[in-house]
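Have a look at final_0.txt; it's compact mmCIF, N, CA and C atoms:
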```txt
# COMPACT_ATOMS: atom_id res chain seq x y z
N MET A 129 10.74 -4.92 -12.20
CA MET A 129 10.40 -5.80 -11.09
C MET A 129 8.95 -6.27 -11.27
N GLU A 130 8.74 -7.57 -11.25
CA GLU A 130 7.40 -8.12 -11.36
C GLU A 130 6.74 -8.09 -9.98
N VAL A 131 5.54 -7.53 -9.93
CA VAL A 131 4.84 -7.44 -8.65
C VAL A 131 3.40 -7.93 -8.82
N LYS A 132 2.82 -8.33 -7.72
CA LYS A 132 1.45 -8.83 -7.69
C LYS A 132 0.63 -8.02 -6.70
N GLN A 133 -0.67 -7.99 -6.94
CA GLN A 133 -1.58 -7.28 -6.05
C GLN A 133 -1.45 -7.83 -4.62
N TYR A 134 -1.43 -6.92 -3.67
CA TYR A 134 -1.33 -7.17 -2.23
C TYR A 134 0.04 -7.64 -1.77
N GLN A 135 1.05 -7.50 -2.63
CA GLN A 135 2.42 -7.68 -2.17
C GLN A 135 2.85 -6.43 -1.40
N ILE A 136 3.79 -6.61 -0.50
CA ILE A 136 4.41 -5.48 0.20
C ILE A 136 5.76 -5.24 -0.44
N VAL A 137 5.99 -3.99 -0.85
CA VAL A 137 7.25 -3.62 -1.49
C VAL A 137 7.79 -2.36 -0.84
N LEU A 138 9.10 -2.23 -0.82
CA LEU A 138 9.74 -1.03 -0.32
C LEU A 138 9.77 -0.01 -1.45
N VAL A 139 9.25 1.21 -1.17
CA VAL A 139 9.10 2.22 -2.22
C VAL A 139 9.71 3.54 -1.75
N ASN A 140 10.44 4.19 -2.64
CA ASN A 140 10.96 5.53 -2.38
C ASN A 140 9.88 6.53 -2.79
N LEU A 141 9.20 7.15 -1.83
CA LEU A 141 8.09 8.06 -2.11
C LEU A 141 8.52 9.51 -2.30
N ASP A 142 9.79 9.82 -2.07
CA ASP A 142 10.25 11.20 -2.22
C ASP A 142 10.53 11.52 -3.69
N PRO A 143 10.31 12.70 -4.15
CA PRO A 143 9.86 13.88 -3.40
C PRO A 143 8.34 13.88 -3.20
N THR A 144 7.92 14.53 -2.14
CA THR A 144 6.50 14.67 -1.84
C THR A 144 6.19 16.14 -1.56
N LEU A 145 4.91 16.44 -1.46
CA LEU A 145 4.47 17.79 -1.14
C LEU A 145 3.48 17.74 0.02
N GLY A 146 3.44 18.79 0.80
CA GLY A 146 2.42 18.95 1.84
C GLY A 146 2.33 17.78 2.79
N SER A 147 1.12 17.25 2.93
CA SER A 147 0.84 16.19 3.91
C SER A 147 0.98 14.78 3.36
N GLU A 148 1.56 14.64 2.16
CA GLU A 148 1.75 13.31 1.60
C GLU A 148 2.76 12.53 2.44
N ILE A 149 2.53 11.22 2.55
CA ILE A 149 3.48 10.38 3.27
C ILE A 149 4.78 10.34 2.48
N ARG A 150 5.89 10.53 3.20
CA ARG A 150 7.19 10.66 2.53
C ARG A 150 8.15 9.57 2.97
N LYS A 151 9.32 9.60 2.44
CA LYS A 151 10.50 8.77 2.64
C LYS A 151 10.34 7.38 2.02
N THR A 152 11.35 6.56 2.18
CA THR A 152 11.31 5.20 1.66
C THR A 152 10.66 4.32 2.70
N ARG A 153 9.57 3.63 2.30
CA ARG A 153 8.80 2.84 3.27
C ARG A 153 8.10 1.69 2.58
N PRO A 154 7.66 0.71 3.36
CA PRO A 154 6.87 -0.38 2.78
C PRO A 154 5.53 0.16 2.28
N CYS A 155 5.06 -0.41 1.18
CA CYS A 155 3.77 -0.06 0.60
C CYS A 155 3.10 -1.33 0.09
N VAL A 156 1.79 -1.30 0.02
CA VAL A 156 1.03 -2.44 -0.49
C VAL A 156 0.58 -2.12 -1.91
N ILE A 157 0.81 -3.04 -2.83
CA ILE A 157 0.34 -2.90 -4.21
C ILE A 157 -1.17 -3.16 -4.20
N VAL A 158 -1.97 -2.18 -4.63
CA VAL A 158 -3.43 -2.38 -4.67
C VAL A 158 -3.97 -2.48 -6.09
N SER A 159 -3.18 -2.11 -7.07
CA SER A 159 -3.65 -2.23 -8.46
C SER A 159 -3.75 -3.71 -8.84
N PRO A 160 -4.72 -4.05 -9.71
CA PRO A 160 -4.91 -5.45 -10.10
C PRO A 160 -3.75 -5.95 -10.97
N ASN A 161 -3.56 -7.28 -10.96
CA ASN A 161 -2.42 -7.88 -11.67
C ASN A 161 -2.42 -7.58 -13.16
N GLU A 162 -3.58 -7.48 -13.78
CA GLU A 162 -3.63 -7.16 -15.21
C GLU A 162 -2.97 -5.81 -15.48
N MET A 163 -3.20 -4.84 -14.63
CA MET A 163 -2.53 -3.55 -14.77
C MET A 163 -1.04 -3.68 -14.45
N ASN A 164 -0.72 -4.39 -13.36
CA ASN A 164 0.67 -4.53 -12.94
C ASN A 164 1.53 -5.21 -14.00
N ASP A 165 0.92 -6.14 -14.76
CA ASP A 165 1.66 -6.88 -15.79
C ASP A 165 1.86 -6.08 -17.07
N ASN A 166 1.03 -5.07 -17.31
CA ASN A 166 1.05 -4.38 -18.60
C ASN A 166 1.42 -2.91 -18.55
N LEU A 167 1.47 -2.31 -17.39
CA LEU A 167 1.80 -0.89 -17.28
C LEU A 167 3.12 -0.72 -16.53
N ARG A 168 3.73 0.43 -16.73
CA ARG A 168 4.97 0.75 -16.00
C ARG A 168 4.67 1.40 -14.66
N THR A 169 3.40 1.55 -14.34
CA THR A 169 2.99 2.14 -13.07
C THR A 169 2.17 1.15 -12.26
N VAL A 170 2.13 1.37 -10.95
CA VAL A 170 1.29 0.59 -10.04
C VAL A 170 0.62 1.55 -9.06
N VAL A 171 -0.51 1.13 -8.52
CA VAL A 171 -1.18 1.90 -7.48
C VAL A 171 -0.81 1.28 -6.15
N ILE A 172 -0.34 2.13 -5.22
CA ILE A 172 0.13 1.64 -3.92
C ILE A 172 -0.61 2.35 -2.79
N ALA A 173 -0.61 1.70 -1.65
CA ALA A 173 -1.04 2.30 -0.39
C ALA A 173 0.16 2.24 0.54
N PRO A 174 0.65 3.40 1.00
CA PRO A 174 1.80 3.39 1.89
C PRO A 174 1.47 2.76 3.24
N MET A 175 2.51 2.33 3.94
CA MET A 175 2.34 1.77 5.27
C MET A 175 3.06 2.66 6.27
N THR A 176 2.58 2.64 7.51
CA THR A 176 3.21 3.39 8.58
C THR A 176 3.17 2.55 9.85
N SER A 177 4.11 2.80 10.73
CA SER A 177 4.13 2.08 12.00
C SER A 177 3.41 2.86 13.10
N THR A 178 3.08 4.11 12.81
CA THR A 178 2.36 4.92 13.79
C THR A 178 1.09 5.47 13.16
N SER A 179 -0.05 5.18 13.79
CA SER A 179 -1.32 5.65 13.26
C SER A 179 -2.36 5.60 14.37
N ARG A 180 -3.38 6.37 14.18
CA ARG A 180 -4.57 6.24 15.01
C ARG A 180 -5.50 5.26 14.31
N ASN A 181 -6.52 4.83 15.00
CA ASN A 181 -7.44 3.85 14.45
C ASN A 181 -8.48 4.54 13.55
N TYR A 182 -8.03 5.12 12.43
CA TYR A 182 -8.92 5.76 11.47
C TYR A 182 -9.66 4.68 10.67
N PRO A 183 -10.88 4.99 10.20
CA PRO A 183 -11.62 3.99 9.41
C PRO A 183 -10.97 3.70 8.05
N THR A 184 -10.04 4.53 7.60
CA THR A 184 -9.38 4.32 6.31
C THR A 184 -8.00 3.68 6.47
N ARG A 185 -7.71 3.15 7.64
CA ARG A 185 -6.42 2.49 7.91
C ARG A 185 -6.67 1.03 8.25
N VAL A 186 -5.81 0.15 7.77
CA VAL A 186 -5.95 -1.28 8.01
C VAL A 186 -4.72 -1.76 8.79
N LYS A 187 -4.98 -2.33 9.96
CA LYS A 187 -3.89 -2.84 10.79
C LYS A 187 -3.42 -4.18 10.23
N VAL A 188 -2.08 -4.31 10.05
CA VAL A 188 -1.49 -5.54 9.53
C VAL A 188 -0.26 -5.90 10.35
N LYS A 189 0.23 -7.11 10.14
CA LYS A 189 1.47 -7.56 10.76
C LYS A 189 2.52 -7.60 9.67
N HIS A 190 3.63 -6.87 9.88
CA HIS A 190 4.72 -6.84 8.89
C HIS A 190 6.05 -6.88 9.63
N ASN A 191 6.91 -7.79 9.26
CA ASN A 191 8.21 -7.97 9.94
C ASN A 191 8.03 -8.16 11.44
N SER A 192 7.03 -8.93 11.83
CA SER A 192 6.72 -9.21 13.23
C SER A 192 6.34 -7.96 14.02
N GLN A 193 5.95 -6.91 13.32
CA GLN A 193 5.52 -5.68 13.98
C GLN A 193 4.15 -5.26 13.48
N GLU A 194 3.44 -4.49 14.31
CA GLU A 194 2.17 -3.93 13.89
C GLU A 194 2.42 -2.74 12.97
N ALA A 195 1.67 -2.69 11.89
CA ALA A 195 1.77 -1.57 10.94
C ALA A 195 0.37 -1.26 10.45
N TRP A 196 0.24 -0.15 9.74
CA TRP A 196 -1.04 0.30 9.21
C TRP A 196 -0.90 0.56 7.72
N VAL A 197 -1.84 0.03 6.93
CA VAL A 197 -1.91 0.36 5.51
C VAL A 197 -2.78 1.60 5.41
N VAL A 198 -2.25 2.65 4.80
CA VAL A 198 -2.91 3.96 4.78
C VAL A 198 -3.71 4.09 3.48
N MET A 199 -4.95 3.62 3.51
CA MET A 199 -5.80 3.62 2.31
C MET A 199 -6.21 5.03 1.89
N ASP A 200 -6.12 6.00 2.77
CA ASP A 200 -6.48 7.37 2.40
C ASP A 200 -5.34 8.10 1.70
N GLN A 201 -4.23 7.40 1.43
CA GLN A 201 -3.11 8.03 0.71
C GLN A 201 -2.70 7.19 -0.51
N LEU A 202 -3.68 6.58 -1.18
CA LEU A 202 -3.38 5.82 -2.40
C LEU A 202 -2.69 6.73 -3.40
N ARG A 203 -1.73 6.18 -4.12
CA ARG A 203 -1.11 6.95 -5.19
C ARG A 203 -0.54 6.03 -6.25
N THR A 204 -0.42 6.56 -7.45
CA THR A 204 0.16 5.83 -8.58
C THR A 204 1.62 6.20 -8.67
N ILE A 205 2.47 5.19 -8.79
CA ILE A 205 3.91 5.43 -8.89
C ILE A 205 4.47 4.66 -10.08
N ASP A 206 5.58 5.11 -10.60
CA ASP A 206 6.32 4.36 -11.60
C ASP A 206 7.05 3.23 -10.88
N LYS A 207 7.19 2.10 -11.53
CA LYS A 207 7.84 0.94 -10.92
C LYS A 207 9.30 1.21 -10.55
N ILE A 208 9.93 2.22 -11.16
CA ILE A 208 11.33 2.50 -10.82
C ILE A 208 11.47 3.01 -9.39
N ARG A 209 10.38 3.42 -8.75
CA ARG A 209 10.42 3.84 -7.34
C ARG A 209 10.53 2.65 -6.39
N MET A 210 10.23 1.44 -6.88
CA MET A 210 10.24 0.26 -6.02
C MET A 210 11.68 -0.22 -5.82
N VAL A 211 12.04 -0.47 -4.56
CA VAL A 211 13.40 -0.84 -4.21
C VAL A 211 13.54 -2.34 -4.00
N GLU A 212 12.58 -2.95 -3.30
CA GLU A 212 12.71 -4.34 -2.89
C GLU A 212 11.33 -4.93 -2.59
N LYS A 213 11.17 -6.24 -2.84
CA LYS A 213 9.95 -6.94 -2.47
C LYS A 213 10.11 -7.52 -1.07
N TYR A 214 9.05 -7.42 -0.27
CA TYR A 214 9.11 -7.97 1.09
C TYR A 214 8.28 -9.23 1.26
N GLY A 215 7.05 -9.22 0.85
CA GLY A 215 6.17 -10.34 1.09
C GLY A 215 4.77 -9.96 0.67
N SER A 216 3.78 -10.59 1.28
CA SER A 216 2.39 -10.31 0.92
C SER A 216 1.53 -10.21 2.18
N LEU A 217 0.38 -9.60 2.02
CA LEU A 217 -0.59 -9.56 3.10
C LEU A 217 -1.23 -10.94 3.26
N SER A 218 -1.75 -11.20 4.45
CA SER A 218 -2.49 -12.45 4.68
C SER A 218 -3.87 -12.34 4.04
N GLU A 219 -4.55 -13.46 3.88
CA GLU A 219 -5.90 -13.44 3.30
C GLU A 219 -6.85 -12.57 4.12
N LYS A 220 -6.74 -12.63 5.42
CA LYS A 220 -7.58 -11.80 6.30
C LYS A 220 -7.29 -10.32 6.08
N GLU A 221 -6.02 -9.96 5.98
CA GLU A 221 -5.63 -8.56 5.75
C GLU A 221 -6.09 -8.08 4.37
N ILE A 222 -6.02 -8.96 3.37
CA ILE A 222 -6.49 -8.62 2.02
C ILE A 222 -7.99 -8.33 2.05
N ARG A 223 -8.75 -9.19 2.72
CA ARG A 223 -10.21 -8.97 2.82
C ARG A 223 -10.52 -7.63 3.48
N GLU A 224 -9.78 -7.29 4.52
CA GLU A 224 -10.01 -6.02 5.21
C GLU A 224 -9.63 -4.83 4.31
N CYS A 225 -8.55 -4.94 3.57
CA CYS A 225 -8.17 -3.88 2.62
C CYS A 225 -9.26 -3.68 1.57
N LYS A 226 -9.76 -4.78 1.02
CA LYS A 226 -10.82 -4.69 0.01
C LYS A 226 -12.07 -4.02 0.60
N ARG A 227 -12.41 -4.38 1.84
CA ARG A 227 -13.58 -3.79 2.49
C ARG A 227 -13.40 -2.28 2.65
N VAL A 228 -12.23 -1.86 3.10
CA VAL A 228 -11.98 -0.43 3.32
C VAL A 228 -11.96 0.32 1.99
N ILE A 229 -11.36 -0.26 0.96
CA ILE A 229 -11.36 0.37 -0.36
C ILE A 229 -12.78 0.56 -0.85
N GLN A 230 -13.58 -0.49 -0.75
CA GLN A 230 -14.97 -0.40 -1.22
C GLN A 230 -15.76 0.63 -0.41
N GLU A 231 -15.63 0.58 0.90
CA GLU A 231 -16.37 1.51 1.75
C GLU A 231 -15.95 2.96 1.51
N THR A 232 -14.68 3.16 1.24
CA THR A 232 -14.14 4.52 1.08
C THR A 232 -14.39 5.09 -0.31
N PHE A 233 -14.23 4.28 -1.37
CA PHE A 233 -14.21 4.82 -2.71
C PHE A 233 -15.39 4.43 -3.61
N VAL A 234 -16.22 3.50 -3.17
CA VAL A 234 -17.34 3.04 -4.00
C VAL A 234 -18.64 3.45 -3.37
N ASP A 235 -19.52 4.08 -4.14
CA ASP A 235 -20.82 4.48 -3.61
C ASP A 235 -21.67 3.29 -3.28
```
Using structure tokens, write down the structure from this file.
Amino acid sequence: MEVKQYQIVLVNLDPTLGSEIRKTRPCVIVSPNEMNDNLRTVVIAPMTSTSRNYPTRVKVKHNSQEAWVVMDQLRTIDKIRMVEKYGSLSEKEIRECKRVIQETFVD
């Protein structure tokens, strides 16, 4: 499946351990397109419909509902875990994701 950065895809995250986000759920592709085009893996941020307003979570609109991109649970997955493509984040949502990634992971 060909994917692009900041697309929303349905991903089977099981099996998981401990406090990792589990089950099949929408996720945002955060790895850059150069990696997505050449590797069999992608870096994703899972989404959830229930969250508190943590500084590492980005509120987005998905399927006409409010959802949260969980930047504190980034993980690398094989593309075979991806089930279906849904759509993409808006430009405003992408900017907010980039801001949270930079604030969280870059000194």
(message) Would you pick out the contacts of Val158 of chain A at 6 Å or less, using only C-alpha atoms, so that residues sharing its chain but fewer than 4 positions from it are not included, and give the list as a list in words?
(response) Gln133, Tyr134, Val171 and Ile172 of chain A
How would the residues just chosen look if you wrote them out with N, CA and C atoms as a PDB file, keeping the file's coordinate frame?
```
ATOM      1  N   GLN A 133      -0.670  -7.990  -6.940  1.00  0.00           N
ATOM      2  CA  GLN A 133      -1.580  -7.280  -6.050  1.00  0.00           C
ATOM      3  C   GLN A 133      -1.450  -7.830  -4.620  1.00  0.00           C
ATOM      4  N   TYR A 134      -1.430  -6.920  -3.670  1.00  0.00           N
ATOM      5  CA  TYR A 134      -1.330  -7.170  -2.230  1.00  0.00           C
ATOM      6  C   TYR A 134       0.040  -7.640  -1.770  1.00  0.00           C
ATOM      7  N   VAL A 171      -0.510   1.130  -8.520  1.00  0.00           N
ATOM      8  CA  VAL A 171      -1.180   1.900  -7.480  1.00  0.00           C
ATOM      9  C   VAL A 171      -0.810   1.280  -6.150  1.00  0.00           C
ATOM     10  N   ILE A 172      -0.340   2.130  -5.220  1.00  0.00           N
ATOM     11  CA  ILE A 172       0.130   1.640  -3.920  1.00  0.00           C
ATOM     12  C   ILE A 172      -0.610   2.350  -2.790  1.00  0.00           C
TER      13      ILE A 172
END
```
(request) Using all atoms listed in the file, find the one residue out of A:Gln230, A:Thr144, A:Asn161, A:Thr169 that sits nearest to Lys207 of chain A. (result) A:Thr169
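Closest approach to Thr204 of chain A from the set A:Val170, A:Leu217, A:Val131, A:Met175 is made by A:Val170, with distances taken over only C-alpha atoms.
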(message) Between A:Val197, A:Met129, A:Ile208, A:Val156, which residue has the minimum interatomic distance to Thr176 of chain A, considering only N, CA and C atoms?
(response)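 Going through A:Val197, A:Met129, A:Ile208, A:Val156 one by one, the smallest distance to Thr176 of chain A is for A:Val197.
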(message) Just to confirm, what's the straight-line distance from atom C of Leu141 of chain A to atom CA of Asp235 of chain A in Å (one decimal)?
(response) 29.8 Å
(request) Could you check how far atom C of Glu221 of chain A sits from atom CA of Val137 of chain A, in Å to one decimal? (result) 15.2 Å
(request) Write out as a ChimeraX atom specification all residues of chain A that DSSP puts in strand (DSSP E) for this structure's backbone. (result) /A:135-140,152-157,169-176,185-190,193-198,203-206,210-216
Please produce a file of those selected residues containing N, CA and C atoms, as a CSV table (one decimal), in the frame of the given file.
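As a result, again38.csv now contains:
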```csv
chain,number,residue,atom,x,y,z
A,135,GLN,N,1.0,-7.5,-2.6
A,135,GLN,CA,2.4,-7.7,-2.2
A,135,GLN,C,2.8,-6.4,-1.4
A,136,ILE,N,3.8,-6.6,-0.5
A,136,ILE,CA,4.4,-5.5,0.2
A,136,ILE,C,5.8,-5.2,-0.4
A,137,VAL,N,6.0,-4.0,-0.8
A,137,VAL,CA,7.2,-3.6,-1.5
A,137,VAL,C,7.8,-2.4,-0.8
A,138,LEU,N,9.1,-2.2,-0.8
A,138,LEU,CA,9.7,-1.0,-0.3
A,138,LEU,C,9.8,0.0,-1.4
A,139,VAL,N,9.2,1.2,-1.2
A,139,VAL,CA,9.1,2.2,-2.2
A,139,VAL,C,9.7,3.5,-1.8
A,140,ASN,N,10.4,4.2,-2.6
A,140,ASN,CA,11.0,5.5,-2.4
A,140,ASN,C,9.9,6.5,-2.8
A,152,THR,N,11.4,6.6,2.2
A,152,THR,CA,11.3,5.2,1.7
A,152,THR,C,10.7,4.3,2.7
A,153,ARG,N,9.6,3.6,2.3
A,153,ARG,CA,8.8,2.8,3.3
A,153,ARG,C,8.1,1.7,2.6
A,154,PRO,N,7.7,0.7,3.4
A,154,PRO,CA,6.9,-0.4,2.8
A,154,PRO,C,5.5,0.2,2.3
A,155,CYS,N,5.1,-0.4,1.2
A,155,CYS,CA,3.8,-0.1,0.6
A,155,CYS,C,3.1,-1.3,0.1
A,156,VAL,N,1.8,-1.3,0.0
A,156,VAL,CA,1.0,-2.4,-0.5
A,156,VAL,C,0.6,-2.1,-1.9
A,157,ILE,N,0.8,-3.0,-2.8
A,157,ILE,CA,0.3,-2.9,-4.2
A,157,ILE,C,-1.2,-3.2,-4.2
A,169,THR,N,3.4,1.6,-14.3
A,169,THR,CA,3.0,2.1,-13.1
A,169,THR,C,2.2,1.2,-12.3
A,170,VAL,N,2.1,1.4,-11.0
A,170,VAL,CA,1.3,0.6,-10.0
A,170,VAL,C,0.6,1.6,-9.1
A,171,VAL,N,-0.5,1.1,-8.5
A,171,VAL,CA,-1.2,1.9,-7.5
A,171,VAL,C,-0.8,1.3,-6.2
A,172,ILE,N,-0.3,2.1,-5.2
A,172,ILE,CA,0.1,1.6,-3.9
A,172,ILE,C,-0.6,2.4,-2.8
A,173,ALA,N,-0.6,1.7,-1.6
A,173,ALA,CA,-1.0,2.3,-0.4
A,173,ALA,C,0.2,2.2,0.5
A,174,PRO,N,0.6,3.4,1.0
A,174,PRO,CA,1.8,3.4,1.9
A,174,PRO,C,1.5,2.8,3.2
A,175,MET,N,2.5,2.3,3.9
A,175,MET,CA,2.3,1.8,5.3
A,175,MET,C,3.1,2.7,6.3
A,176,THR,N,2.6,2.6,7.5
A,176,THR,CA,3.2,3.4,8.6
A,176,THR,C,3.2,2.6,9.8
A,185,ARG,N,-7.7,3.2,7.6
A,185,ARG,CA,-6.4,2.5,7.9
A,185,ARG,C,-6.7,1.0,8.2
A,186,VAL,N,-5.8,0.2,7.8
A,186,VAL,CA,-6.0,-1.3,8.0
A,186,VAL,C,-4.7,-1.8,8.8
A,187,LYS,N,-5.0,-2.3,10.0
A,187,LYS,CA,-3.9,-2.8,10.8
A,187,LYS,C,-3.4,-4.2,10.2
A,188,VAL,N,-2.1,-4.3,10.0
A,188,VAL,CA,-1.5,-5.5,9.5
A,188,VAL,C,-0.3,-5.9,10.4
A,189,LYS,N,0.2,-7.1,10.1
A,189,LYS,CA,1.5,-7.6,10.8
A,189,LYS,C,2.5,-7.6,9.7
A,190,HIS,N,3.6,-6.9,9.9
A,190,HIS,CA,4.7,-6.8,8.9
A,190,HIS,C,6.0,-6.9,9.6
A,193,GLN,N,6.0,-6.9,13.3
A,193,GLN,CA,5.5,-5.7,14.0
A,193,GLN,C,4.2,-5.3,13.5
A,194,GLU,N,3.4,-4.5,14.3
A,194,GLU,CA,2.2,-3.9,13.9
A,194,GLU,C,2.4,-2.7,13.0
A,195,ALA,N,1.7,-2.7,11.9
A,195,ALA,CA,1.8,-1.6,10.9
A,195,ALA,C,0.4,-1.3,10.4
A,196,TRP,N,0.2,-0.2,9.7
A,196,TRP,CA,-1.0,0.3,9.2
A,196,TRP,C,-0.9,0.6,7.7
A,197,VAL,N,-1.8,0.0,6.9
A,197,VAL,CA,-1.9,0.4,5.5
A,197,VAL,C,-2.8,1.6,5.4
A,198,VAL,N,-2.2,2.6,4.8
A,198,VAL,CA,-2.9,4.0,4.8
A,198,VAL,C,-3.7,4.1,3.5
A,203,ARG,N,-1.7,6.2,-4.1
A,203,ARG,CA,-1.1,7.0,-5.2
A,203,ARG,C,-0.5,6.0,-6.2
A,204,THR,N,-0.4,6.6,-7.4
A,204,THR,CA,0.2,5.8,-8.6
A,204,THR,C,1.6,6.2,-8.7
A,205,ILE,N,2.5,5.2,-8.8
A,205,ILE,CA,3.9,5.4,-8.9
A,205,ILE,C,4.5,4.7,-10.1
A,206,ASP,N,5.6,5.1,-10.6
A,206,ASP,CA,6.3,4.4,-11.6
A,206,ASP,C,7.0,3.2,-10.9
A,210,MET,N,10.2,1.4,-6.9
A,210,MET,CA,10.2,0.3,-6.0
A,210,MET,C,11.7,-0.2,-5.8
A,211,VAL,N,12.0,-0.5,-4.6
A,211,VAL,CA,13.4,-0.8,-4.2
A,211,VAL,C,13.5,-2.3,-4.0
A,212,GLU,N,12.6,-3.0,-3.3
A,212,GLU,CA,12.7,-4.3,-2.9
A,212,GLU,C,11.3,-4.9,-2.6
A,213,LYS,N,11.2,-6.2,-2.8
A,213,LYS,CA,10.0,-6.9,-2.5
A,213,LYS,C,10.1,-7.5,-1.1
A,214,TYR,N,9.0,-7.4,-0.3
A,214,TYR,CA,9.1,-8.0,1.1
A,214,TYR,C,8.3,-9.2,1.3
A,215,GLY,N,7.0,-9.2,0.8
A,215,GLY,CA,6.2,-10.3,1.1
A,215,GLY,C,4.8,-10.0,0.7
A,216,SER,N,3.8,-10.6,1.3
A,216,SER,CA,2.4,-10.3,0.9
A,216,SER,C,1.5,-10.2,2.2
```
(message) I'd like to know which of A:Lys187, A:Gly215, A:Asp200, A:Leu138 is closest to Arg153 of chain A, using all atoms listed in the file.
(response)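 Smallest separation from Arg153 of chain A among the options: A:Leu138.
You can rank A:Met163, A:Ile205, A:Val198, A:Val234 by their closest distance to Arg185 of chain A using only C-alpha atoms, and at the top of that list sits A:Val198.
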(request) Go through A:Met199, A:Asn166, A:Val186, A:Ile136 one by one, measure the shortest atom-to-atom distance of each to Tyr214 of chain A using all atoms listed in the file, and give the residue with the smallest value. (result)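 Selected residue with least distance to Tyr214 of chain A: A:Ile136.
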(request) Find the residues with any atom within 12 Å of (5.0, 11.3, 5.9); use only C-alpha atoms and the coordinates as given in the file, and write the answer as a PyMOL selection string. (result) chain A and resi 140-153+174-179+198+201
(request) Pick out each residue of chain A that DSSP on the backbone tags as alpha helix (DSSP H); I need them as a PyMOL selection string. (result) chain A and resi 161-166+219-233
(message) What does the structure give for the distance between atom N of Phe233 of chain A and atom C of Arg180 of chain A, in Å to one decimal?
(response) 18.0 Å
Given 6 Å on each side, where is the centre and what are the edge lengths in Å to one decimal of the axis-aligned box enclosing the listed atoms of segment 193-205 of chain A, as lines of an AutoDock Vina configuration file?
```
center_x = -0.3
center_y = 0.6
center_z = 2.1
size_x = 24.4
size_y = 27.0
size_z = 36.4
```
Please output segment 134-139 of chain A, rebuilt to include all heavy atoms, as a PDB file, keeping the file's coordinate frame.
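Contents of the output file result.pdb:
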```pdb
ATOM      1  N   TYR A 134      -1.430  -6.920  -3.670  1.00  0.00           N
ATOM      2  CA  TYR A 134      -1.330  -7.170  -2.230  1.00  0.00           C
ATOM      3  C   TYR A 134       0.040  -7.640  -1.770  1.00  0.00           C
ATOM      4  O   TYR A 134       0.185  -8.095  -0.642  1.00  0.00           O
ATOM      5  CB  TYR A 134      -2.457  -8.079  -1.731  1.00  0.00           C
ATOM      6  CG  TYR A 134      -3.800  -7.433  -1.979  1.00  0.00           C
ATOM      7  CD1 TYR A 134      -4.689  -7.972  -2.905  1.00  0.00           C
ATOM      8  CD2 TYR A 134      -4.153  -6.256  -1.336  1.00  0.00           C
ATOM      9  CE1 TYR A 134      -5.908  -7.348  -3.163  1.00  0.00           C
ATOM     10  CE2 TYR A 134      -5.362  -5.624  -1.584  1.00  0.00           C
ATOM     11  CZ  TYR A 134      -6.233  -6.183  -2.501  1.00  0.00           C
ATOM     12  OH  TYR A 134      -7.421  -5.563  -2.763  1.00  0.00           O
ATOM     13  N   GLN A 135       1.050  -7.500  -2.630  1.00  0.00           N
ATOM     14  CA  GLN A 135       2.420  -7.680  -2.170  1.00  0.00           C
ATOM     15  C   GLN A 135       2.850  -6.430  -1.400  1.00  0.00           C
ATOM     16  O   GLN A 135       2.351  -5.323  -1.663  1.00  0.00           O
ATOM     17  CB  GLN A 135       3.383  -7.854  -3.337  1.00  0.00           C
ATOM     18  CG  GLN A 135       3.506  -9.245  -3.842  1.00  0.00           C
ATOM     19  CD  GLN A 135       4.578  -9.359  -4.909  1.00  0.00           C
ATOM     20  OE1 GLN A 135       4.740  -8.465  -5.733  1.00  0.00           O
ATOM     21  NE2 GLN A 135       5.294 -10.468  -4.902  1.00  0.00           N
ATOM     22  N   ILE A 136       3.790  -6.610  -0.500  1.00  0.00           N
ATOM     23  CA  ILE A 136       4.410  -5.480   0.200  1.00  0.00           C
ATOM     24  C   ILE A 136       5.760  -5.240  -0.440  1.00  0.00           C
ATOM     25  O   ILE A 136       6.564  -6.163  -0.584  1.00  0.00           O
ATOM     26  CB  ILE A 136       4.572  -5.787   1.703  1.00  0.00           C
ATOM     27  CG1 ILE A 136       3.214  -6.080   2.340  1.00  0.00           C
ATOM     28  CG2 ILE A 136       5.271  -4.628   2.410  1.00  0.00           C
ATOM     29  CD1 ILE A 136       3.296  -6.620   3.761  1.00  0.00           C
ATOM     30  N   VAL A 137       5.990  -3.990  -0.850  1.00  0.00           N
ATOM     31  CA  VAL A 137       7.250  -3.620  -1.490  1.00  0.00           C
ATOM     32  C   VAL A 137       7.790  -2.360  -0.840  1.00  0.00           C
ATOM     33  O   VAL A 137       7.037  -1.526  -0.342  1.00  0.00           O
ATOM     34  CB  VAL A 137       7.080  -3.388  -3.017  1.00  0.00           C
ATOM     35  CG1 VAL A 137       6.736  -4.677  -3.725  1.00  0.00           C
ATOM     36  CG2 VAL A 137       6.060  -2.327  -3.308  1.00  0.00           C
ATOM     37  N   LEU A 138       9.100  -2.230  -0.820  1.00  0.00           N
ATOM     38  CA  LEU A 138       9.740  -1.030  -0.320  1.00  0.00           C
ATOM     39  C   LEU A 138       9.770  -0.010  -1.450  1.00  0.00           C
ATOM     40  O   LEU A 138      10.224  -0.322  -2.563  1.00  0.00           O
ATOM     41  CB  LEU A 138      11.169  -1.351   0.148  1.00  0.00           C
ATOM     42  CG  LEU A 138      11.909  -0.229   0.860  1.00  0.00           C
ATOM     43  CD1 LEU A 138      11.217   0.127   2.168  1.00  0.00           C
ATOM     44  CD2 LEU A 138      13.357  -0.653   1.122  1.00  0.00           C
ATOM     45  N   VAL A 139       9.250   1.210  -1.170  1.00  0.00           N
ATOM     46  CA  VAL A 139       9.100   2.220  -2.220  1.00  0.00           C
ATOM     47  C   VAL A 139       9.710   3.540  -1.750  1.00  0.00           C
ATOM     48  O   VAL A 139       9.492   3.967  -0.615  1.00  0.00           O
ATOM     49  CB  VAL A 139       7.595   2.440  -2.542  1.00  0.00           C
ATOM     50  CG1 VAL A 139       7.414   3.551  -3.562  1.00  0.00           C
ATOM     51  CG2 VAL A 139       6.965   1.154  -3.043  1.00  0.00           C
TER      52      VAL A 139
END
```
